[in-house]
>>> print(open('start_1.txt').read())   # compact mmCIF, N, CA and C atoms
# COMPACT_ATOMS: atom_id res chain seq x y z
N MET A 273 -2.47 -11.80 -20.95
CA MET A 273 -3.07 -12.66 -19.95
C MET A 273 -3.59 -11.79 -18.80
N ALA A 274 -4.86 -11.95 -18.48
CA ALA A 274 -5.47 -11.15 -17.43
C ALA A 274 -4.93 -11.55 -16.06
N ARG A 275 -4.80 -10.57 -15.21
CA ARG A 275 -4.43 -10.82 -13.82
C ARG A 275 -5.72 -10.83 -13.01
N THR A 276 -5.71 -11.51 -11.88
CA THR A 276 -6.92 -11.70 -11.09
C THR A 276 -6.87 -10.93 -9.78
N LEU A 277 -7.92 -10.13 -9.56
CA LEU A 277 -8.13 -9.45 -8.29
C LEU A 277 -9.21 -10.23 -7.55
N LEU A 278 -8.87 -10.77 -6.40
CA LEU A 278 -9.82 -11.51 -5.58
C LEU A 278 -10.35 -10.59 -4.48
N ILE A 279 -11.66 -10.41 -4.49
CA ILE A 279 -12.31 -9.61 -3.45
C ILE A 279 -13.04 -10.57 -2.53
N VAL A 280 -12.54 -10.66 -1.30
CA VAL A 280 -13.13 -11.55 -0.30
C VAL A 280 -13.86 -10.66 0.70
N HIS A 281 -15.13 -10.95 0.91
CA HIS A 281 -15.96 -10.04 1.70
C HIS A 281 -16.99 -10.78 2.53
N HIS A 282 -17.42 -10.09 3.58
CA HIS A 282 -18.58 -10.53 4.34
C HIS A 282 -19.53 -9.35 4.32
N THR A 283 -20.64 -9.49 3.60
CA THR A 283 -21.55 -8.38 3.37
C THR A 283 -22.97 -8.75 3.82
N PRO A 284 -23.19 -8.88 5.12
CA PRO A 284 -24.49 -9.34 5.61
C PRO A 284 -25.59 -8.28 5.65
N SER A 285 -25.24 -7.03 5.48
CA SER A 285 -26.22 -5.95 5.63
C SER A 285 -26.32 -5.13 4.35
N PRO A 286 -27.44 -4.42 4.17
CA PRO A 286 -27.56 -3.54 3.00
C PRO A 286 -26.42 -2.51 2.89
N PRO A 287 -25.99 -1.86 3.98
CA PRO A 287 -24.87 -0.92 3.83
C PRO A 287 -23.57 -1.62 3.35
N MET A 288 -23.29 -2.79 3.88
CA MET A 288 -22.09 -3.51 3.43
C MET A 288 -22.21 -3.88 1.96
N ARG A 289 -23.40 -4.25 1.54
CA ARG A 289 -23.63 -4.61 0.13
C ARG A 289 -23.40 -3.39 -0.76
N GLU A 290 -23.89 -2.21 -0.34
CA GLU A 290 -23.67 -0.99 -1.11
C GLU A 290 -22.18 -0.69 -1.26
N LEU A 291 -21.44 -0.86 -0.18
CA LEU A 291 -20.00 -0.59 -0.22
C LEU A 291 -19.29 -1.60 -1.13
N LEU A 292 -19.69 -2.86 -1.06
CA LEU A 292 -19.12 -3.87 -1.97
C LEU A 292 -19.39 -3.49 -3.42
N GLU A 293 -20.61 -3.08 -3.72
CA GLU A 293 -20.95 -2.71 -5.10
C GLU A 293 -20.07 -1.55 -5.58
N SER A 294 -19.75 -0.62 -4.69
CA SER A 294 -18.86 0.49 -5.06
C SER A 294 -17.43 0.00 -5.29
N VAL A 295 -16.95 -0.91 -4.45
CA VAL A 295 -15.62 -1.50 -4.65
C VAL A 295 -15.57 -2.19 -6.01
N LEU A 296 -16.59 -2.98 -6.31
CA LEU A 296 -16.63 -3.71 -7.58
C LEU A 296 -16.67 -2.75 -8.77
N ALA A 297 -17.47 -1.69 -8.65
CA ALA A 297 -17.54 -0.71 -9.75
C ALA A 297 -16.19 -0.07 -9.99
N GLY A 298 -15.48 0.28 -8.93
CA GLY A 298 -14.15 0.87 -9.08
C GLY A 298 -13.16 -0.11 -9.69
N ALA A 299 -13.20 -1.35 -9.24
CA ALA A 299 -12.27 -2.37 -9.76
C ALA A 299 -12.56 -2.69 -11.22
N ARG A 300 -13.81 -2.50 -11.63
CA ARG A 300 -14.22 -2.81 -13.01
C ARG A 300 -14.35 -1.55 -13.86
N ASP A 301 -13.75 -0.46 -13.41
CA ASP A 301 -13.79 0.78 -14.17
C ASP A 301 -13.36 0.50 -15.60
N PRO A 302 -14.07 1.04 -16.60
CA PRO A 302 -13.75 0.74 -18.00
C PRO A 302 -12.34 1.14 -18.43
N GLU A 303 -11.71 2.04 -17.70
CA GLU A 303 -10.35 2.45 -18.06
C GLU A 303 -9.29 1.47 -17.57
N ILE A 304 -9.70 0.51 -16.78
CA ILE A 304 -8.76 -0.50 -16.27
C ILE A 304 -8.91 -1.75 -17.14
N SER A 305 -7.81 -2.19 -17.70
CA SER A 305 -7.88 -3.37 -18.57
C SER A 305 -6.96 -4.47 -18.06
N GLY A 306 -7.28 -5.68 -18.50
CA GLY A 306 -6.42 -6.82 -18.19
C GLY A 306 -6.56 -7.35 -16.77
N VAL A 307 -7.69 -7.04 -16.11
CA VAL A 307 -7.90 -7.51 -14.74
C VAL A 307 -9.24 -8.24 -14.66
N ASP A 308 -9.18 -9.46 -14.20
CA ASP A 308 -10.37 -10.26 -13.95
C ASP A 308 -10.73 -10.07 -12.48
N VAL A 309 -11.88 -9.48 -12.20
CA VAL A 309 -12.31 -9.21 -10.83
C VAL A 309 -13.22 -10.34 -10.36
N ARG A 310 -12.81 -11.01 -9.30
CA ARG A 310 -13.60 -12.10 -8.72
C ARG A 310 -14.04 -11.69 -7.33
N SER A 311 -15.34 -11.71 -7.10
CA SER A 311 -15.92 -11.38 -5.81
C SER A 311 -16.43 -12.67 -5.18
N VAL A 312 -15.89 -13.03 -4.01
CA VAL A 312 -16.25 -14.28 -3.37
C VAL A 312 -16.57 -14.02 -1.90
N PRO A 313 -17.75 -14.46 -1.44
CA PRO A 313 -18.05 -14.32 -0.01
C PRO A 313 -17.01 -15.04 0.84
N ALA A 314 -16.71 -14.47 1.98
CA ALA A 314 -15.65 -15.01 2.84
C ALA A 314 -15.86 -16.48 3.19
N LEU A 315 -17.09 -16.89 3.41
CA LEU A 315 -17.34 -18.28 3.78
C LEU A 315 -17.24 -19.24 2.59
N GLY A 316 -17.12 -18.70 1.38
CA GLY A 316 -17.00 -19.54 0.19
C GLY A 316 -15.63 -19.51 -0.45
N ALA A 317 -14.77 -18.60 -0.01
CA ALA A 317 -13.44 -18.48 -0.62
C ALA A 317 -12.54 -19.63 -0.16
N THR A 318 -11.73 -20.13 -1.10
CA THR A 318 -10.92 -21.32 -0.84
C THR A 318 -9.45 -21.07 -1.16
N VAL A 319 -8.64 -22.04 -0.79
CA VAL A 319 -7.20 -21.97 -1.10
C VAL A 319 -6.97 -21.81 -2.60
N PRO A 320 -7.63 -22.59 -3.48
CA PRO A 320 -7.42 -22.36 -4.91
C PRO A 320 -7.76 -20.94 -5.36
N ASP A 321 -8.79 -20.32 -4.77
CA ASP A 321 -9.10 -18.92 -5.09
C ASP A 321 -7.90 -18.02 -4.77
N VAL A 322 -7.32 -18.23 -3.61
CA VAL A 322 -6.18 -17.42 -3.16
C VAL A 322 -4.97 -17.66 -4.06
N LEU A 323 -4.69 -18.91 -4.36
CA LEU A 323 -3.52 -19.24 -5.17
C LEU A 323 -3.64 -18.70 -6.59
N ALA A 324 -4.86 -18.53 -7.08
CA ALA A 324 -5.07 -18.03 -8.45
C ALA A 324 -5.07 -16.50 -8.51
N ALA A 325 -5.02 -15.84 -7.38
CA ALA A 325 -5.13 -14.38 -7.34
C ALA A 325 -3.78 -13.69 -7.44
N ASP A 326 -3.80 -12.52 -8.07
CA ASP A 326 -2.61 -11.67 -8.18
C ASP A 326 -2.66 -10.49 -7.22
N GLY A 327 -3.84 -10.23 -6.66
CA GLY A 327 -4.03 -9.15 -5.71
C GLY A 327 -5.32 -9.39 -4.95
N PHE A 328 -5.50 -8.66 -3.84
CA PHE A 328 -6.60 -8.94 -2.93
C PHE A 328 -7.26 -7.66 -2.41
N LEU A 329 -8.55 -7.76 -2.17
CA LEU A 329 -9.30 -6.77 -1.42
C LEU A 329 -10.13 -7.52 -0.39
N PHE A 330 -10.11 -7.04 0.84
CA PHE A 330 -10.84 -7.69 1.93
C PHE A 330 -11.84 -6.69 2.50
N GLY A 331 -13.09 -7.13 2.67
CA GLY A 331 -14.13 -6.27 3.22
C GLY A 331 -14.87 -6.94 4.35
N THR A 332 -15.11 -6.17 5.41
CA THR A 332 -15.78 -6.74 6.58
C THR A 332 -16.49 -5.67 7.39
N PRO A 333 -17.56 -6.06 8.06
CA PRO A 333 -18.07 -5.17 9.10
C PRO A 333 -17.20 -5.31 10.34
N ALA A 334 -17.22 -4.30 11.17
CA ALA A 334 -16.52 -4.38 12.46
C ALA A 334 -17.51 -4.95 13.46
N ASN A 335 -17.15 -6.06 14.06
CA ASN A 335 -18.00 -6.72 15.06
C ASN A 335 -17.27 -6.72 16.39
N PHE A 336 -17.75 -5.91 17.33
CA PHE A 336 -17.14 -5.83 18.66
C PHE A 336 -15.65 -5.52 18.57
N GLY A 337 -15.29 -4.63 17.64
CA GLY A 337 -13.91 -4.20 17.51
C GLY A 337 -13.02 -5.15 16.73
N TYR A 338 -13.61 -6.11 16.04
CA TYR A 338 -12.82 -7.08 15.30
C TYR A 338 -13.48 -7.35 13.96
N MET A 339 -12.77 -8.00 13.06
CA MET A 339 -13.35 -8.37 11.77
C MET A 339 -14.46 -9.40 12.00
N SER A 340 -15.29 -9.59 10.99
CA SER A 340 -16.37 -10.57 11.11
C SER A 340 -15.80 -11.98 11.28
N GLY A 341 -16.58 -12.83 11.91
CA GLY A 341 -16.17 -14.23 12.06
C GLY A 341 -15.99 -14.90 10.72
N ALA A 342 -16.79 -14.48 9.73
CA ALA A 342 -16.68 -15.07 8.39
C ALA A 342 -15.32 -14.76 7.77
N LEU A 343 -14.87 -13.51 7.85
CA LEU A 343 -13.57 -13.18 7.27
C LEU A 343 -12.45 -13.83 8.06
N LYS A 344 -12.59 -13.89 9.38
CA LYS A 344 -11.59 -14.57 10.21
C LYS A 344 -11.51 -16.05 9.83
N HIS A 345 -12.66 -16.68 9.60
CA HIS A 345 -12.69 -18.08 9.17
C HIS A 345 -11.95 -18.25 7.84
N PHE A 346 -12.17 -17.32 6.91
CA PHE A 346 -11.46 -17.36 5.64
C PHE A 346 -9.95 -17.36 5.89
N PHE A 347 -9.47 -16.41 6.67
CA PHE A 347 -8.03 -16.34 6.93
C PHE A 347 -7.53 -17.61 7.63
N ASP A 348 -8.29 -18.10 8.60
CA ASP A 348 -7.89 -19.33 9.30
C ASP A 348 -7.77 -20.52 8.36
N THR A 349 -8.66 -20.57 7.37
CA THR A 349 -8.71 -21.69 6.44
C THR A 349 -7.59 -21.65 5.40
N VAL A 350 -7.27 -20.47 4.90
CA VAL A 350 -6.35 -20.37 3.77
C VAL A 350 -4.94 -19.92 4.13
N TYR A 351 -4.73 -19.42 5.33
CA TYR A 351 -3.46 -18.79 5.69
C TYR A 351 -2.25 -19.71 5.46
N TYR A 352 -2.19 -20.80 6.16
CA TYR A 352 -1.00 -21.66 6.05
C TYR A 352 -0.88 -22.37 4.70
N PRO A 353 -1.96 -22.87 4.13
CA PRO A 353 -1.81 -23.55 2.83
C PRO A 353 -1.31 -22.63 1.70
N SER A 354 -1.50 -21.32 1.84
CA SER A 354 -1.07 -20.41 0.78
C SER A 354 0.04 -19.46 1.22
N LEU A 355 0.62 -19.71 2.36
CA LEU A 355 1.60 -18.80 2.96
C LEU A 355 2.76 -18.47 2.01
N ASP A 356 3.33 -19.43 1.37
CA ASP A 356 4.50 -19.18 0.52
C ASP A 356 4.15 -18.66 -0.86
N ALA A 357 2.87 -18.65 -1.21
CA ALA A 357 2.47 -18.29 -2.57
C ALA A 357 1.98 -16.85 -2.72
N VAL A 358 1.72 -16.14 -1.64
CA VAL A 358 1.11 -14.82 -1.77
C VAL A 358 2.04 -13.66 -1.42
N SER A 359 3.19 -13.94 -0.88
CA SER A 359 4.11 -12.89 -0.46
C SER A 359 4.38 -11.90 -1.60
N GLY A 360 4.28 -10.62 -1.26
CA GLY A 360 4.57 -9.56 -2.22
C GLY A 360 3.38 -9.13 -3.07
N LYS A 361 2.26 -9.83 -2.97
CA LYS A 361 1.09 -9.45 -3.76
C LYS A 361 0.38 -8.28 -3.08
N PRO A 362 -0.22 -7.39 -3.88
CA PRO A 362 -0.86 -6.19 -3.31
C PRO A 362 -2.21 -6.51 -2.68
N TYR A 363 -2.56 -5.68 -1.69
CA TYR A 363 -3.89 -5.81 -1.08
C TYR A 363 -4.38 -4.47 -0.56
N GLY A 364 -5.67 -4.43 -0.33
CA GLY A 364 -6.33 -3.32 0.32
C GLY A 364 -7.51 -3.87 1.11
N ALA A 365 -8.12 -3.03 1.94
CA ALA A 365 -9.24 -3.50 2.77
C ALA A 365 -10.17 -2.35 3.10
N TRP A 366 -11.42 -2.71 3.37
CA TRP A 366 -12.38 -1.76 3.90
C TRP A 366 -13.13 -2.39 5.07
N VAL A 367 -13.40 -1.54 6.08
CA VAL A 367 -14.08 -1.97 7.29
C VAL A 367 -15.22 -1.00 7.55
N TYR A 368 -16.40 -1.53 7.80
CA TYR A 368 -17.59 -0.72 8.06
C TYR A 368 -18.11 -0.99 9.45
N GLY A 369 -18.43 0.08 10.19
CA GLY A 369 -19.02 -0.11 11.50
C GLY A 369 -19.25 1.21 12.21
N ASN A 370 -20.09 1.16 13.20
CA ASN A 370 -20.40 2.37 13.97
C ASN A 370 -19.36 2.67 15.03
N SER A 371 -18.58 1.66 15.41
CA SER A 371 -17.55 1.90 16.42
C SER A 371 -16.41 0.90 16.26
N ASP A 372 -15.24 1.33 16.61
CA ASP A 372 -14.02 0.53 16.63
C ASP A 372 -13.73 -0.25 15.36
N THR A 373 -13.74 0.46 14.24
CA THR A 373 -13.28 -0.17 13.01
C THR A 373 -11.77 -0.35 13.04
N ALA A 374 -11.10 0.41 13.91
CA ALA A 374 -9.63 0.34 13.98
C ALA A 374 -9.16 -1.05 14.39
N GLY A 375 -9.85 -1.68 15.33
CA GLY A 375 -9.45 -3.02 15.76
C GLY A 375 -9.56 -4.03 14.64
N ALA A 376 -10.63 -3.94 13.87
CA ALA A 376 -10.82 -4.85 12.74
C ALA A 376 -9.74 -4.59 11.67
N GLY A 377 -9.47 -3.32 11.42
CA GLY A 377 -8.43 -2.97 10.43
C GLY A 377 -7.06 -3.48 10.84
N ARG A 378 -6.73 -3.30 12.13
CA ARG A 378 -5.43 -3.79 12.63
C ARG A 378 -5.32 -5.30 12.47
N ALA A 379 -6.40 -6.01 12.73
CA ALA A 379 -6.37 -7.47 12.61
C ALA A 379 -6.11 -7.90 11.17
N ILE A 380 -6.78 -7.27 10.22
CA ILE A 380 -6.56 -7.60 8.81
C ILE A 380 -5.12 -7.26 8.42
N GLU A 381 -4.66 -6.09 8.82
CA GLU A 381 -3.29 -5.67 8.49
C GLU A 381 -2.26 -6.60 9.10
N SER A 382 -2.51 -7.08 10.30
CA SER A 382 -1.58 -8.01 10.95
C SER A 382 -1.50 -9.34 10.19
N ILE A 383 -2.65 -9.86 9.81
CA ILE A 383 -2.67 -11.12 9.05
C ILE A 383 -2.01 -10.91 7.69
N ALA A 384 -2.32 -9.81 7.03
CA ALA A 384 -1.73 -9.54 5.72
C ALA A 384 -0.21 -9.39 5.83
N ALA A 385 0.27 -8.76 6.88
CA ALA A 385 1.72 -8.62 7.07
C ALA A 385 2.36 -9.99 7.29
N GLY A 386 1.72 -10.84 8.07
CA GLY A 386 2.23 -12.18 8.29
C GLY A 386 2.28 -12.99 7.01
N TRP A 387 1.35 -12.73 6.15
CA TRP A 387 1.28 -13.38 4.84
C TRP A 387 2.31 -12.80 3.88
N GLY A 388 2.82 -11.63 4.21
CA GLY A 388 3.79 -10.96 3.33
C GLY A 388 3.15 -10.17 2.22
N LEU A 389 1.86 -9.83 2.36
CA LEU A 389 1.19 -9.02 1.34
C LEU A 389 1.70 -7.58 1.39
N ASP A 390 1.57 -6.89 0.27
CA ASP A 390 2.01 -5.51 0.13
C ASP A 390 0.80 -4.59 0.20
N LYS A 391 0.69 -3.83 1.29
CA LYS A 391 -0.44 -2.89 1.46
C LYS A 391 -0.23 -1.70 0.53
N VAL A 392 -1.05 -1.60 -0.51
CA VAL A 392 -0.88 -0.55 -1.51
C VAL A 392 -1.89 0.58 -1.36
N ALA A 393 -2.80 0.44 -0.40
CA ALA A 393 -3.77 1.50 -0.10
C ALA A 393 -4.10 1.43 1.38
N GLU A 394 -4.35 2.56 1.97
CA GLU A 394 -4.73 2.59 3.38
C GLU A 394 -6.07 1.89 3.56
N THR A 395 -6.22 1.20 4.66
CA THR A 395 -7.49 0.56 4.98
C THR A 395 -8.55 1.64 5.14
N ALA A 396 -9.68 1.44 4.46
CA ALA A 396 -10.79 2.39 4.54
C ALA A 396 -11.63 2.05 5.78
N HIS A 397 -11.77 3.01 6.67
CA HIS A 397 -12.59 2.86 7.88
C HIS A 397 -13.85 3.68 7.66
N LEU A 398 -15.00 3.02 7.55
CA LEU A 398 -16.24 3.66 7.15
C LEU A 398 -17.31 3.52 8.22
N VAL A 399 -18.03 4.62 8.48
CA VAL A 399 -19.09 4.58 9.49
C VAL A 399 -20.48 4.67 8.88
N ASP A 400 -20.55 4.85 7.57
CA ASP A 400 -21.84 4.87 6.89
C ASP A 400 -21.63 4.41 5.45
N SER A 401 -22.71 4.27 4.73
CA SER A 401 -22.60 3.87 3.32
C SER A 401 -23.04 5.01 2.41
N GLY A 402 -22.87 6.23 2.91
CA GLY A 402 -23.24 7.42 2.14
C GLY A 402 -22.33 7.65 0.95
N LYS A 403 -22.59 8.72 0.25
CA LYS A 403 -21.88 9.04 -1.00
C LYS A 403 -20.37 9.07 -0.80
N GLU A 404 -19.90 9.73 0.24
CA GLU A 404 -18.45 9.83 0.47
C GLU A 404 -17.83 8.45 0.71
N SER A 405 -18.50 7.60 1.46
CA SER A 405 -18.00 6.24 1.72
C SER A 405 -18.00 5.41 0.45
N ARG A 406 -19.06 5.56 -0.33
CA ARG A 406 -19.12 4.80 -1.61
C ARG A 406 -18.02 5.27 -2.56
N GLU A 407 -17.76 6.56 -2.59
CA GLU A 407 -16.67 7.08 -3.43
C GLU A 407 -15.32 6.55 -2.96
N CYS A 408 -15.13 6.48 -1.66
CA CYS A 408 -13.90 5.93 -1.09
C CYS A 408 -13.72 4.47 -1.53
N CYS A 409 -14.79 3.70 -1.48
CA CYS A 409 -14.72 2.29 -1.88
C CYS A 409 -14.48 2.16 -3.38
N TYR A 410 -15.09 3.03 -4.18
CA TYR A 410 -14.85 3.02 -5.62
C TYR A 410 -13.36 3.25 -5.90
N GLU A 411 -12.81 4.24 -5.22
CA GLU A 411 -11.38 4.56 -5.40
C GLU A 411 -10.51 3.41 -4.93
N LEU A 412 -10.87 2.77 -3.82
CA LEU A 412 -10.10 1.65 -3.32
C LEU A 412 -10.09 0.50 -4.34
N GLY A 413 -11.25 0.15 -4.85
CA GLY A 413 -11.32 -0.91 -5.87
C GLY A 413 -10.52 -0.56 -7.10
N GLY A 414 -10.64 0.68 -7.55
CA GLY A 414 -9.89 1.12 -8.73
C GLY A 414 -8.40 1.14 -8.51
N THR A 415 -7.98 1.55 -7.34
CA THR A 415 -6.54 1.61 -7.03
C THR A 415 -5.90 0.23 -7.09
N ILE A 416 -6.53 -0.73 -6.44
CA ILE A 416 -5.95 -2.09 -6.40
C ILE A 416 -5.98 -2.70 -7.79
N ALA A 417 -7.10 -2.55 -8.50
CA ALA A 417 -7.20 -3.11 -9.85
C ALA A 417 -6.21 -2.46 -10.82
N ALA A 418 -6.09 -1.15 -10.75
CA ALA A 418 -5.17 -0.43 -11.65
C ALA A 418 -3.74 -0.88 -11.43
N GLY A 419 -3.39 -1.21 -10.22
CA GLY A 419 -2.04 -1.70 -9.94
C GLY A 419 -1.77 -3.05 -10.58
N LEU A 420 -2.81 -3.78 -10.91
CA LEU A 420 -2.66 -5.08 -11.57
C LEU A 420 -2.82 -4.97 -13.08
N SER A 421 -3.28 -3.84 -13.55
CA SER A 421 -3.65 -3.63 -14.95
C SER A 421 -2.45 -3.74 -15.89
N ASP A 422 -2.78 -4.00 -17.15
CA ASP A 422 -1.75 -4.06 -18.21
C ASP A 422 -0.96 -2.79 -18.29
>>> encode(input="start_1.txt", output="structure tokens")
Amino acid sequence: MARTLLIVHHTPSPPMRELLESVLAGARDPEISGVDVRSVPALGATVPDVLAADGFLFGTPANFGYMSGALKHFFDTVYYPSLDAVSGKPYGAWVYGNSDTAGAGRAIESIAAGWGLDKVAETAHLVDSGKESRECCYELGGTIAAGLSD
């Protein structure tokens, strides 16, 4: 039975889209088996999506030192209805921005800790969508997916 990796993201810009594509490629690496990768925009992700997931990846641009409003809306919408169902599940995150990605990362980590998620990879703080950043995202996607693999 396949396990599900839910990737919740807000990717409004070409650089964010490139980073998401790298995360997806890593999560879908051919050497990883038994993982169903679901990519859902933050404004479209629902409580049933969260309840059906075995692990999570969260992606956001840094907006004024915080996560995007779209990702915050996702957390606001699903946090309490799924609070008792997600504890102990693995997660990772990536944050893209020219300044203060740390504030956005801290916010995601704080919400994830309150949810009881298990941080299995350091939050990726990215200032560009160049080769090194894309490789980091590929590795992040692969790490979380491999942890769910058969």
>>> closest_residue(input="start_1.txt", among="A:Ala376, A:Ile304, A:Ile383, A:Leu278", to="Pro333 of chain A", atoms="only N, CA and C atoms")
A:Ala376
>>> closest_atom_pairs(input="start_1.txt", of="segment 273-298 of chain A", to="segment 399-417 of chain A", cutoff="10 Å", atoms="only C-alpha atoms", output="JSON lines")
{"residue": "A:Arg275", "atom": "CA", "partner": "A:Ala417", "partner_atom": "CA", "distance": 9.1}
{"residue": "A:Thr276", "atom": "CA", "partner": "A:Ala417", "partner_atom": "CA", "distance": 8.7}
{"residue": "A:Leu277", "atom": "CA", "partner": "A:Ala417", "partner_atom": "CA", "distance": 6.6}
{"residue": "A:Leu278", "atom": "CA", "partner": "A:Ala417", "partner_atom": "CA", "distance": 9.8}
{"residue": "A:Ile279", "atom": "CA", "partner": "A:Gly413", "partner_atom": "CA", "distance": 9.1}
{"residue": "A:Pro286", "atom": "CA", "partner": "A:Ser401", "partner_atom": "CA", "distance": 8.9}
{"residue": "A:Pro287", "atom": "CA", "partner": "A:Ser401", "partner_atom": "CA", "distance": 5.3}
{"residue": "A:Met288", "atom": "CA", "partner": "A:Ser401", "partner_atom": "CA", "distance": 7.4}
{"residue": "A:Arg289", "atom": "CA", "partner": "A:Ser401", "partner_atom": "CA", "distance": 9.1}
{"residue": "A:Glu290", "atom": "CA", "partner": "A:Ser401", "partner_atom": "CA", "distance": 6.7}
{"residue": "A:Leu291", "atom": "CA", "partner": "A:Arg406", "partner_atom": "CA", "distance": 5.6}
{"residue": "A:Leu292", "atom": "CA", "partner": "A:Cys409", "partner_atom": "CA", "distance": 7.6}
{"residue": "A:Glu293", "atom": "CA", "partner": "A:Tyr410", "partner_atom": "CA", "distance": 8.4}
{"residue": "A:Ser294", "atom": "CA", "partner": "A:Tyr410", "partner_atom": "CA", "distance": 4.8}
{"residue": "A:Val295", "atom": "CA", "partner": "A:Gly413", "partner_atom": "CA", "distance": 4.5}
{"residue": "A:Leu296", "atom": "CA", "partner": "A:Gly413", "partner_atom": "CA", "distance": 6.2}
{"residue": "A:Ala297", "atom": "CA", "partner": "A:Tyr410", "partner_atom": "CA", "distance": 6.2}
{"residue": "A:Gly298", "atom": "CA", "partner": "A:Tyr410", "partner_atom": "CA", "distance": 4.1}
>>> atom_distance(input="start_1.txt", atom1="atom CA of Met273 of chain A", atom2="atom N of Val307 of chain A")
8.2 Å
>>> select_by_dssp(input="start_1.txt", residues="chain A", states="alpha helix (DSSP H)", output="VMD selection string")
chain A and resid 286 to 299 319 to 323 341 to 350 373 to 387 403 to 420
>>> closest_residue(input="start_1.txt", among="A:Met339, A:Ala385, A:Ala365, A:Leu420", to="Val309 of chain A", atoms="only C-alpha atoms")
A:Leu420
>>> residues_around(input="start_1.txt", residues="Val367 of chain A", least_positions_apart="3", cutoff="6 Å", atoms="all atoms listed in the file", output="PyMOL selection string")
chain A and resi 331-334+373+395-398
>>> select_by_dssp(input="start_1.txt", residues="chain A", states="strand (DSSP E)", output="number ranges by chain")
A: 275-281, 307-313, 327-333, 362-368, 390-391, 396-398
>>> closest_residue(input="start_1.txt", among="A:Leu355, A:Pro362, A:Glu303, A:Asn370", to="Asn335 of chain A", atoms="all atoms listed in the file")
A:Asn370
>>> closest_residue(input="start_1.txt", among="A:Thr283, A:Arg300, A:Asp390, A:Val322", to="Ser354 of chain A", atoms="only N, CA and C atoms")
A:Val322
>>> atom_distance(input="start_1.txt", atom1="atom N of Trp387 of chain A", atom2="atom CA of Val280 of chain A")
15.9 Å
>>> atom_distance(input="start_1.txt", atom1="atom CA of Ser421 of chain A", atom2="atom CA of Tyr368 of chain A")
27.1 Å
>>> closest_residue(input="start_1.txt", among="A:Val392, A:Val350, A:Leu323, A:Ala379", to="Tyr363 of chain A", atoms="all atoms listed in the file")
A:Val392
>>> build_atoms(input="start_1.txt", residues="segment 325-329 of chain A", atoms="all heavy atoms", output="PDB file, in the coordinates of the input")
ATOM      1  N   ALA A 325      -5.020 -15.840  -7.380  1.00  0.00           N
ATOM      2  CA  ALA A 325      -5.130 -14.380  -7.340  1.00  0.00           C
ATOM      3  C   ALA A 325      -3.780 -13.690  -7.440  1.00  0.00           C
ATOM      4  O   ALA A 325      -2.764 -14.179  -6.939  1.00  0.00           O
ATOM      5  CB  ALA A 325      -5.831 -13.945  -6.057  1.00  0.00           C
ATOM      6  N   ASP A 326      -3.800 -12.520  -8.070  1.00  0.00           N
ATOM      7  CA  ASP A 326      -2.610 -11.670  -8.180  1.00  0.00           C
ATOM      8  C   ASP A 326      -2.660 -10.490  -7.220  1.00  0.00           C
ATOM      9  O   ASP A 326      -1.657  -9.803  -7.015  1.00  0.00           O
ATOM     10  CB  ASP A 326      -2.470 -11.169  -9.612  1.00  0.00           C
ATOM     11  CG  ASP A 326      -2.305 -12.309 -10.600  1.00  0.00           C
ATOM     12  OD1 ASP A 326      -1.271 -13.007 -10.526  1.00  0.00           O
ATOM     13  OD2 ASP A 326      -3.216 -12.521 -11.418  1.00  0.00           O
ATOM     14  N   GLY A 327      -3.840 -10.230  -6.660  1.00  0.00           N
ATOM     15  CA  GLY A 327      -4.030  -9.150  -5.710  1.00  0.00           C
ATOM     16  C   GLY A 327      -5.320  -9.390  -4.950  1.00  0.00           C
ATOM     17  O   GLY A 327      -6.155 -10.212  -5.373  1.00  0.00           O
ATOM     18  N   PHE A 328      -5.500  -8.660  -3.840  1.00  0.00           N
ATOM     19  CA  PHE A 328      -6.600  -8.940  -2.930  1.00  0.00           C
ATOM     20  C   PHE A 328      -7.260  -7.660  -2.410  1.00  0.00           C
ATOM     21  O   PHE A 328      -6.581  -6.661  -2.190  1.00  0.00           O
ATOM     22  CB  PHE A 328      -6.112  -9.732  -1.718  1.00  0.00           C
ATOM     23  CG  PHE A 328      -5.416 -11.009  -2.071  1.00  0.00           C
ATOM     24  CD1 PHE A 328      -4.039 -11.029  -2.242  1.00  0.00           C
ATOM     25  CD2 PHE A 328      -6.128 -12.176  -2.255  1.00  0.00           C
ATOM     26  CE1 PHE A 328      -3.380 -12.209  -2.577  1.00  0.00           C
ATOM     27  CE2 PHE A 328      -5.486 -13.359  -2.598  1.00  0.00           C
ATOM     28  CZ  PHE A 328      -4.112 -13.378  -2.753  1.00  0.00           C
ATOM     29  N   LEU A 329      -8.550  -7.760  -2.170  1.00  0.00           N
ATOM     30  CA  LEU A 329      -9.300  -6.770  -1.420  1.00  0.00           C
ATOM     31  C   LEU A 329     -10.130  -7.520  -0.390  1.00  0.00           C
ATOM     32  O   LEU A 329     -10.764  -8.526  -0.717  1.00  0.00           O
ATOM     33  CB  LEU A 329     -10.235  -5.975  -2.327  1.00  0.00           C
ATOM     34  CG  LEU A 329      -9.669  -4.676  -2.873  1.00  0.00           C
ATOM     35  CD1 LEU A 329     -10.536  -4.142  -3.992  1.00  0.00           C
ATOM     36  CD2 LEU A 329      -9.527  -3.650  -1.783  1.00  0.00           C
TER      37      LEU A 329
END
